[in-house]
Amino acid sequence: MKALVLAGGTGSRLRPITHTAAKQLVPVANKPVLFYGIESLVAAGVTEIGIVVGDTAEEIRAAVGDGARFGAEVTYLRQERPLGLAHAVLVAREWLGDDDFVMYLGDNFVVGGISGLVADFREHRPEAGILLTKVSDPTVFGVAELAADGGVLSLQEKPSQPRSDLALVGVYLFTPAVHEAVRAIEPSDRGELEITDALQWLLDHEHAVQATVITGYWKDTGNVLDMLEVNRSVLDTLDGTVAGSVDAESQLVGRVRVEEGARVERSRIVGPAVIGAGSVVRDSYIGPSTSVAGGCLIEGSEVEFSIVLDGCRIDRAGRIEGSLLGRTVHVTGAPRAPRAHRLVLGDHSRVHLTT
């Protein structure tokens with residue numbers, strides 16, 4: 001069995017972060033989201049991995065390399081434009097050959113991994129296997145309608161009137177039968193080849209599509225709030241360790257990881273939280289569910305429930321929470337009256353100010 005990991009796409013819901021970085025490489029607990037997916041595949045015994053890349057190909061290649069660090073063998077497959085999940089299968093046709101494969105969306109996060117799902121597929125080998133979970137707003141997902149016995153009746157992509165609240169999680173399993181399906185379907189109204197249409201084609205032609213409903217944690221990390229929630233979830237699983245330095249005037253409460261070369265001075269950190277390698281936290285408070293990446297400086301400030309990327313500087317900025325700060329961002333407090341906010345913001349930025 002092979003794996004097809006989708007790491008193209010524009011990441012429009014994470015702008016402006018994704019103007020300069022691949023959405024799959026935005027870190028959760030200081031590790032790119034994409035890495036968690038690759039690790040899940042390897043843990044399930046799937047080590048031959050094709051990564052479908054687009055405009056951010058070089059950045060992803062630089063981060064993942066040949067896959068040896070994960071115990072995998074990685075091949076990169078170019079998709080010139082993001083024309084749908086089924087189109088990615090077309091792009092990868094030659095590399096996939098006649099092997100069964102897992103298709104894994106590189107910005108999805110499934111707690112607990114997919115080992116059980118892969119093992120079940122290998123044992124029963126339907127033409128396709130899908131993963132479903134209940135969501136509050138199914139209109140923004142692919143949606144499956146199930147029969148009373150759990151069989152799949154129909155699938156729809158982002159329906160205006162959903163037939164159920166069961167959304168397709170970004171993990172699919174296929175036999176080579178899917179190749180005929182993706183060649184047979186037509187682009188949707190969005191101009192994309194939808195994987196839901198390929199799955200419906202399999203159903204219409206009496207191929208077996210097996211659904212598994214999960215109740216565990218899953219997130220599509222396509223927007224800031226979901227990124228923060230995944231960060232919170234992962235940090236909850238970390239053990240507290242101190243590889244850097246913490247002075248006698250500082251206090252660590254709960255599970256706090258201070259990575260090598262990091263320094264905590266006259267500060268209070270309440271976990272779960274991680275302070276990245278080489279970062280300095282001075283005269284500050286870091287609250288729960290916060291990850292600070294490497295090479296940052298946080299001084300005279302409070303940060304909680306946030307993701308702070310490499311090289312950020314937060315200097316006497318008051319309290320920051322529920323935020324995602326991109327690489328080398330500087331946030332500083334106004335030094336004197338009149339009280340005002342001075343902003344330099346890129347396209348599609350979002351700012352919430354208290355008055």
# chains A, B, ... in the order shown; residues from 1 in each chain; ligands from 1

$ closest_atom_pairs --of "region 193-308 of chain A" --to "region 128-143 of chain A" --cutoff "10 Å" --atoms "only C-alpha atoms" --output "JSON lines"
{"residue": "A:Glu194", "atom": "CA", "partner": "A:Gly142", "partner_atom": "CA", "distance": 9.2}
{"residue": "A:Ile195", "atom": "CA", "partner": "A:Gly142", "partner_atom": "CA", "distance": 8.9}
{"residue": "A:Thr196", "atom": "CA", "partner": "A:Gly142", "partner_atom": "CA", "distance": 6.6}
{"residue": "A:Asp197", "atom": "CA", "partner": "A:Gly142", "partner_atom": "CA", "distance": 9.8}
{"residue": "A:Leu199", "atom": "CA", "partner": "A:Ala128", "partner_atom": "CA", "distance": 7.6}
{"residue": "A:Leu202", "atom": "CA", "partner": "A:Ala128", "partner_atom": "CA", "distance": 8.2}
{"residue": "A:Leu203", "atom": "CA", "partner": "A:Ala128", "partner_atom": "CA", "distance": 9.6}
{"residue": "A:His207", "atom": "CA", "partner": "A:Ala128", "partner_atom": "CA", "distance": 8.1}
{"residue": "A:Ala208", "atom": "CA", "partner": "A:Ala128", "partner_atom": "CA", "distance": 6.5}
{"residue": "A:Val209", "atom": "CA", "partner": "A:Ala128", "partner_atom": "CA", "distance": 4.7}
{"residue": "A:Gln210", "atom": "CA", "partner": "A:Gly129", "partner_atom": "CA", "distance": 4.7}
{"residue": "A:Ala211", "atom": "CA", "partner": "A:Ile130", "partner_atom": "CA", "distance": 4.9}
{"residue": "A:Thr212", "atom": "CA", "partner": "A:Leu131", "partner_atom": "CA", "distance": 5.0}
{"residue": "A:Val213", "atom": "CA", "partner": "A:Leu132", "partner_atom": "CA", "distance": 4.6}
{"residue": "A:Ile214", "atom": "CA", "partner": "A:Thr133", "partner_atom": "CA", "distance": 5.4}
{"residue": "A:Thr215", "atom": "CA", "partner": "A:Thr133", "partner_atom": "CA", "distance": 6.5}
{"residue": "A:Gly216", "atom": "CA", "partner": "A:Thr133", "partner_atom": "CA", "distance": 8.4}
{"residue": "A:Tyr217", "atom": "CA", "partner": "A:Thr133", "partner_atom": "CA", "distance": 9.1}
{"residue": "A:Trp218", "atom": "CA", "partner": "A:Thr133", "partner_atom": "CA", "distance": 8.0}

$ select_by_dssp --residues "region 212-307 of chain A" --states "helix (DSSP H, G or I)" --output "list of chain:residue names"
A:Val224, A:Leu225, A:Asp226, A:Met227, A:Leu228, A:Glu229, A:Val230, A:Asn231, A:Arg232, A:Ser233, A:Val234, A:Leu235

$ write_last_selection --atoms "all heavy atoms" --output "mmCIF file, in the first residue's frame"
data_model
loop_
_atom_site.group_PDB
_atom_site.id
_atom_site.type_symbol
_atom_site.label_atom_id
_atom_site.label_comp_id
_atom_site.auth_asym_id
_atom_site.auth_seq_id
_atom_site.Cartn_x
_atom_site.Cartn_y
_atom_site.Cartn_z
ATOM 1 N N VAL A 224 -7.550 29.817 11.467
ATOM 2 C CA VAL A 224 -6.777 30.122 12.671
ATOM 3 C C VAL A 224 -7.363 29.453 13.904
ATOM 4 O O VAL A 224 -6.634 28.874 14.723
ATOM 5 C CB VAL A 224 -6.667 31.644 12.871
ATOM 6 C CG1 VAL A 224 -6.023 31.961 14.218
ATOM 7 C CG2 VAL A 224 -5.863 32.272 11.746
ATOM 8 N N LEU A 225 -8.683 29.522 14.076
ATOM 9 C CA LEU A 225 -9.291 28.940 15.271
ATOM 10 C C LEU A 225 -9.027 27.441 15.352
ATOM 11 O O LEU A 225 -8.696 26.909 16.416
ATOM 12 C CB LEU A 225 -10.795 29.217 15.296
ATOM 13 C CG LEU A 225 -11.540 28.676 16.525
ATOM 14 C CD1 LEU A 225 -10.943 29.237 17.812
ATOM 15 C CD2 LEU A 225 -13.032 28.990 16.438
ATOM 16 N N ASP A 226 -9.153 26.744 14.227
ATOM 17 C CA ASP A 226 -8.881 25.307 14.233
ATOM 18 C C ASP A 226 -7.410 25.023 14.534
ATOM 19 O O ASP A 226 -7.080 24.049 15.219
ATOM 20 C CB ASP A 226 -9.278 24.683 12.892
ATOM 21 C CG ASP A 226 -10.786 24.524 12.752
ATOM 22 O OD1 ASP A 226 -11.479 24.571 13.780
ATOM 23 O OD2 ASP A 226 -11.270 24.372 11.609
ATOM 24 N N MET A 227 -6.506 25.848 14.002
ATOM 25 C CA MET A 227 -5.087 25.688 14.324
ATOM 26 C C MET A 227 -4.863 25.812 15.826
ATOM 27 O O MET A 227 -4.131 25.007 16.435
ATOM 28 C CB MET A 227 -4.254 26.747 13.599
ATOM 29 C CG MET A 227 -4.066 26.540 12.124
ATOM 30 S SD MET A 227 -3.050 25.115 11.692
ATOM 31 C CE MET A 227 -1.569 25.416 12.636
ATOM 32 N N LEU A 228 -5.489 26.800 16.445
ATOM 33 C CA LEU A 228 -5.319 26.997 17.878
ATOM 34 C C LEU A 228 -5.896 25.836 18.680
ATOM 35 O O LEU A 228 -5.318 25.414 19.692
ATOM 36 C CB LEU A 228 -5.979 28.309 18.303
ATOM 37 C CG LEU A 228 -5.326 29.590 17.758
ATOM 38 C CD1 LEU A 228 -6.182 30.807 18.111
ATOM 39 C CD2 LEU A 228 -3.912 29.761 18.283
ATOM 40 N N GLU A 229 -7.023 25.287 18.225
ATOM 41 C CA GLU A 229 -7.631 24.169 18.925
ATOM 42 C C GLU A 229 -6.767 22.912 18.806
ATOM 43 O O GLU A 229 -6.622 22.148 19.763
ATOM 44 C CB GLU A 229 -9.037 23.902 18.377
ATOM 45 C CG GLU A 229 -10.065 24.951 18.781
ATOM 46 C CD GLU A 229 -10.351 24.956 20.268
ATOM 47 O OE1 GLU A 229 -9.994 23.983 20.966
ATOM 48 O OE2 GLU A 229 -10.917 25.957 20.754
ATOM 49 N N VAL A 230 -6.191 22.676 17.624
ATOM 50 C CA VAL A 230 -5.292 21.531 17.457
ATOM 51 C C VAL A 230 -4.047 21.724 18.319
ATOM 52 O O VAL A 230 -3.566 20.784 18.959
ATOM 53 C CB VAL A 230 -4.911 21.350 15.978
ATOM 54 C CG1 VAL A 230 -3.799 20.314 15.828
ATOM 55 C CG2 VAL A 230 -6.124 20.909 15.177
ATOM 56 N N ASN A 231 -3.525 22.931 18.351
ATOM 57 C CA ASN A 231 -2.371 23.221 19.194
ATOM 58 C C ASN A 231 -2.676 22.895 20.653
ATOM 59 O O ASN A 231 -1.861 22.283 21.362
ATOM 60 C CB ASN A 231 -1.991 24.693 19.038
ATOM 61 C CG ASN A 231 -0.641 25.023 19.607
ATOM 62 O OD1 ASN A 231 0.379 24.474 19.186
ATOM 63 N ND2 ASN A 231 -0.603 25.932 20.572
ATOM 64 N N ARG A 232 -3.858 23.300 21.096
ATOM 65 C CA ARG A 232 -4.274 23.003 22.471
ATOM 66 C C ARG A 232 -4.315 21.491 22.714
ATOM 67 O O ARG A 232 -3.813 20.987 23.723
ATOM 68 C CB ARG A 232 -5.657 23.596 22.741
ATOM 69 C CG ARG A 232 -6.140 23.408 24.181
ATOM 70 C CD ARG A 232 -7.668 23.374 24.266
ATOM 71 N NE ARG A 232 -8.307 24.577 23.775
ATOM 72 C CZ ARG A 232 -8.620 25.627 24.524
ATOM 73 N NH1 ARG A 232 -8.324 25.626 25.809
ATOM 74 N NH2 ARG A 232 -9.225 26.664 23.982
ATOM 75 N N SER A 233 -4.900 20.760 21.762
ATOM 76 C CA SER A 233 -5.036 19.321 21.902
ATOM 77 C C SER A 233 -3.685 18.621 21.982
ATOM 78 O O SER A 233 -3.469 17.733 22.812
ATOM 79 C CB SER A 233 -5.843 18.761 20.723
ATOM 80 O OG SER A 233 -5.919 17.358 20.765
ATOM 81 N N VAL A 234 -2.751 19.012 21.113
ATOM 82 C CA VAL A 234 -1.435 18.369 21.113
ATOM 83 C C VAL A 234 -0.652 18.726 22.370
ATOM 84 O O VAL A 234 -0.006 17.864 22.989
ATOM 85 C CB VAL A 234 -0.642 18.753 19.853
ATOM 86 C CG1 VAL A 234 0.768 18.176 19.912
ATOM 87 C CG2 VAL A 234 -1.347 18.241 18.611
ATOM 88 N N LEU A 235 -0.697 19.986 22.773
ATOM 89 C CA LEU A 235 0.019 20.383 23.982
ATOM 90 C C LEU A 235 -0.471 19.616 25.201
ATOM 91 O O LEU A 235 0.312 19.326 26.118
ATOM 92 C CB LEU A 235 -0.135 21.891 24.211
ATOM 93 C CG LEU A 235 0.641 22.807 23.261
ATOM 94 C CD1 LEU A 235 0.269 24.265 23.524
ATOM 95 C CD2 LEU A 235 2.138 22.613 23.402
#

$ residues_around --residues "Leu146 (chain A)" --least-positions-apart "6" --cutoff "10 Å" --atoms "only C-alpha atoms" --output "JSON, numbers by chain"
{"A": [152, 153, 154, 155, 163, 164, 166, 211]}

$ write_last_selection --atoms "N, CA, C and O atoms" --output "PDB file, in the first residue's frame"
ATOM      1  N   VAL A 152     -23.127   3.149   2.761  1.00  0.00           N
ATOM      2  CA  VAL A 152     -23.126   4.492   2.173  1.00  0.00           C
ATOM      3  C   VAL A 152     -24.166   4.567   1.065  1.00  0.00           C
ATOM      4  O   VAL A 152     -24.130   3.798   0.105  1.00  0.00           O
ATOM      5  N   LEU A 153     -25.098   5.531   1.188  1.00  0.00           N
ATOM      6  CA  LEU A 153     -26.149   5.712   0.180  1.00  0.00           C
ATOM      7  C   LEU A 153     -25.742   6.762  -0.856  1.00  0.00           C
ATOM      8  O   LEU A 153     -25.967   6.577  -2.059  1.00  0.00           O
ATOM      9  N   SER A 154     -25.177   7.870  -0.394  1.00  0.00           N
ATOM     10  CA  SER A 154     -24.832   8.947  -1.327  1.00  0.00           C
ATOM     11  C   SER A 154     -23.794   9.858  -0.708  1.00  0.00           C
ATOM     12  O   SER A 154     -23.579   9.862   0.511  1.00  0.00           O
ATOM     13  N   LEU A 155     -23.145  10.648  -1.577  1.00  0.00           N
ATOM     14  CA  LEU A 155     -22.171  11.638  -1.136  1.00  0.00           C
ATOM     15  C   LEU A 155     -22.403  12.939  -1.877  1.00  0.00           C
ATOM     16  O   LEU A 155     -22.769  12.944  -3.046  1.00  0.00           O
ATOM     17  N   ARG A 163     -27.899  16.098   3.552  1.00  0.00           N
ATOM     18  CA  ARG A 163     -28.744  14.963   3.907  1.00  0.00           C
ATOM     19  C   ARG A 163     -28.347  14.342   5.240  1.00  0.00           C
ATOM     20  O   ARG A 163     -29.037  13.443   5.733  1.00  0.00           O
ATOM     21  N   SER A 164     -27.234  14.786   5.802  1.00  0.00           N
ATOM     22  CA  SER A 164     -26.808  14.313   7.122  1.00  0.00           C
ATOM     23  C   SER A 164     -25.815  15.318   7.695  1.00  0.00           C
ATOM     24  O   SER A 164     -25.475  16.316   7.053  1.00  0.00           O
ATOM     25  N   LEU A 166     -22.816  14.133   8.714  1.00  0.00           N
ATOM     26  CA  LEU A 166     -21.590  13.348   8.687  1.00  0.00           C
ATOM     27  C   LEU A 166     -20.655  13.864   7.591  1.00  0.00           C
ATOM     28  O   LEU A 166     -20.938  13.712   6.401  1.00  0.00           O
ATOM     29  N   ALA A 211     -17.720   2.938   5.112  1.00  0.00           N
ATOM     30  CA  ALA A 211     -17.610   4.141   5.947  1.00  0.00           C
ATOM     31  C   ALA A 211     -17.281   3.765   7.384  1.00  0.00           C
ATOM     32  O   ALA A 211     -17.807   2.790   7.920  1.00  0.00           O
TER      33      ALA A 211
END

$ atom_distance --atom1 "CA of Glu192 (chain A)" --atom2 "CA of Arg78 (chain A)"
16.7 Å

$ atom_distance --atom1 "CA of Gly116 (chain A)" --atom2 "CA of His179 (chain A)"
24.6 Å

$ atom_distance --atom1 "CA of Val303 (chain A)" --atom2 "CA of Val264 (chain A)"
14.0 Å

$ residues_around --residues "Val91 (chain A)" --least-positions-apart "6" --cutoff "12 Å" --atoms "only C-alpha atoms" --output "NGL selection string"
:A and (4 or 6 or 50-54 or 76-85 or 97 or 179 or 182-183 or 193)

$ closest_residue --among "A:Ile49, A:Leu96, A:Val258, A:Ala7" --to "Asp239 (chain A)" --atoms "only C-alpha atoms"
A:Val258

$ closest_residue --among "A:Arg263, A:Arg257, A:Arg122, A:Arg268" --to "Gly244 (chain A)" --atoms "only C-alpha atoms"
A:Arg263

$ select_by_dssp --residues "region 91-158 of chain A" --states "strand (DSSP E)" --output "ChimeraX atom specification"
/A:101-105,108-110,128-134,142-146,152-157

$ closest_residue --among "A:Val102, A:Ala68, A:Val281, A:Arg255" --to "Leu117 (chain A)" --atoms "only C-alpha atoms"
A:Val102

$ residues_around --residues "Val171 (chain A)" --least-positions-apart "2" --cutoff "6 Å" --atoms "only C-alpha atoms" --output "list in words"
Met103, Tyr104 and Val169 of chain A

$ residues_around --residues "Gly276 (chain A)" --least-positions-apart "6" --cutoff "7 Å" --atoms "only C-alpha atoms" --output "VMD selection string"
chain A and resid 258 to 259 262 292 to 294

$ closest_residue --among "A:Ile185, A:Cys312, A:Ala144, A:Ala72" --to "Lys158 (chain A)" --atoms "only C-alpha atoms"
A:Ala144
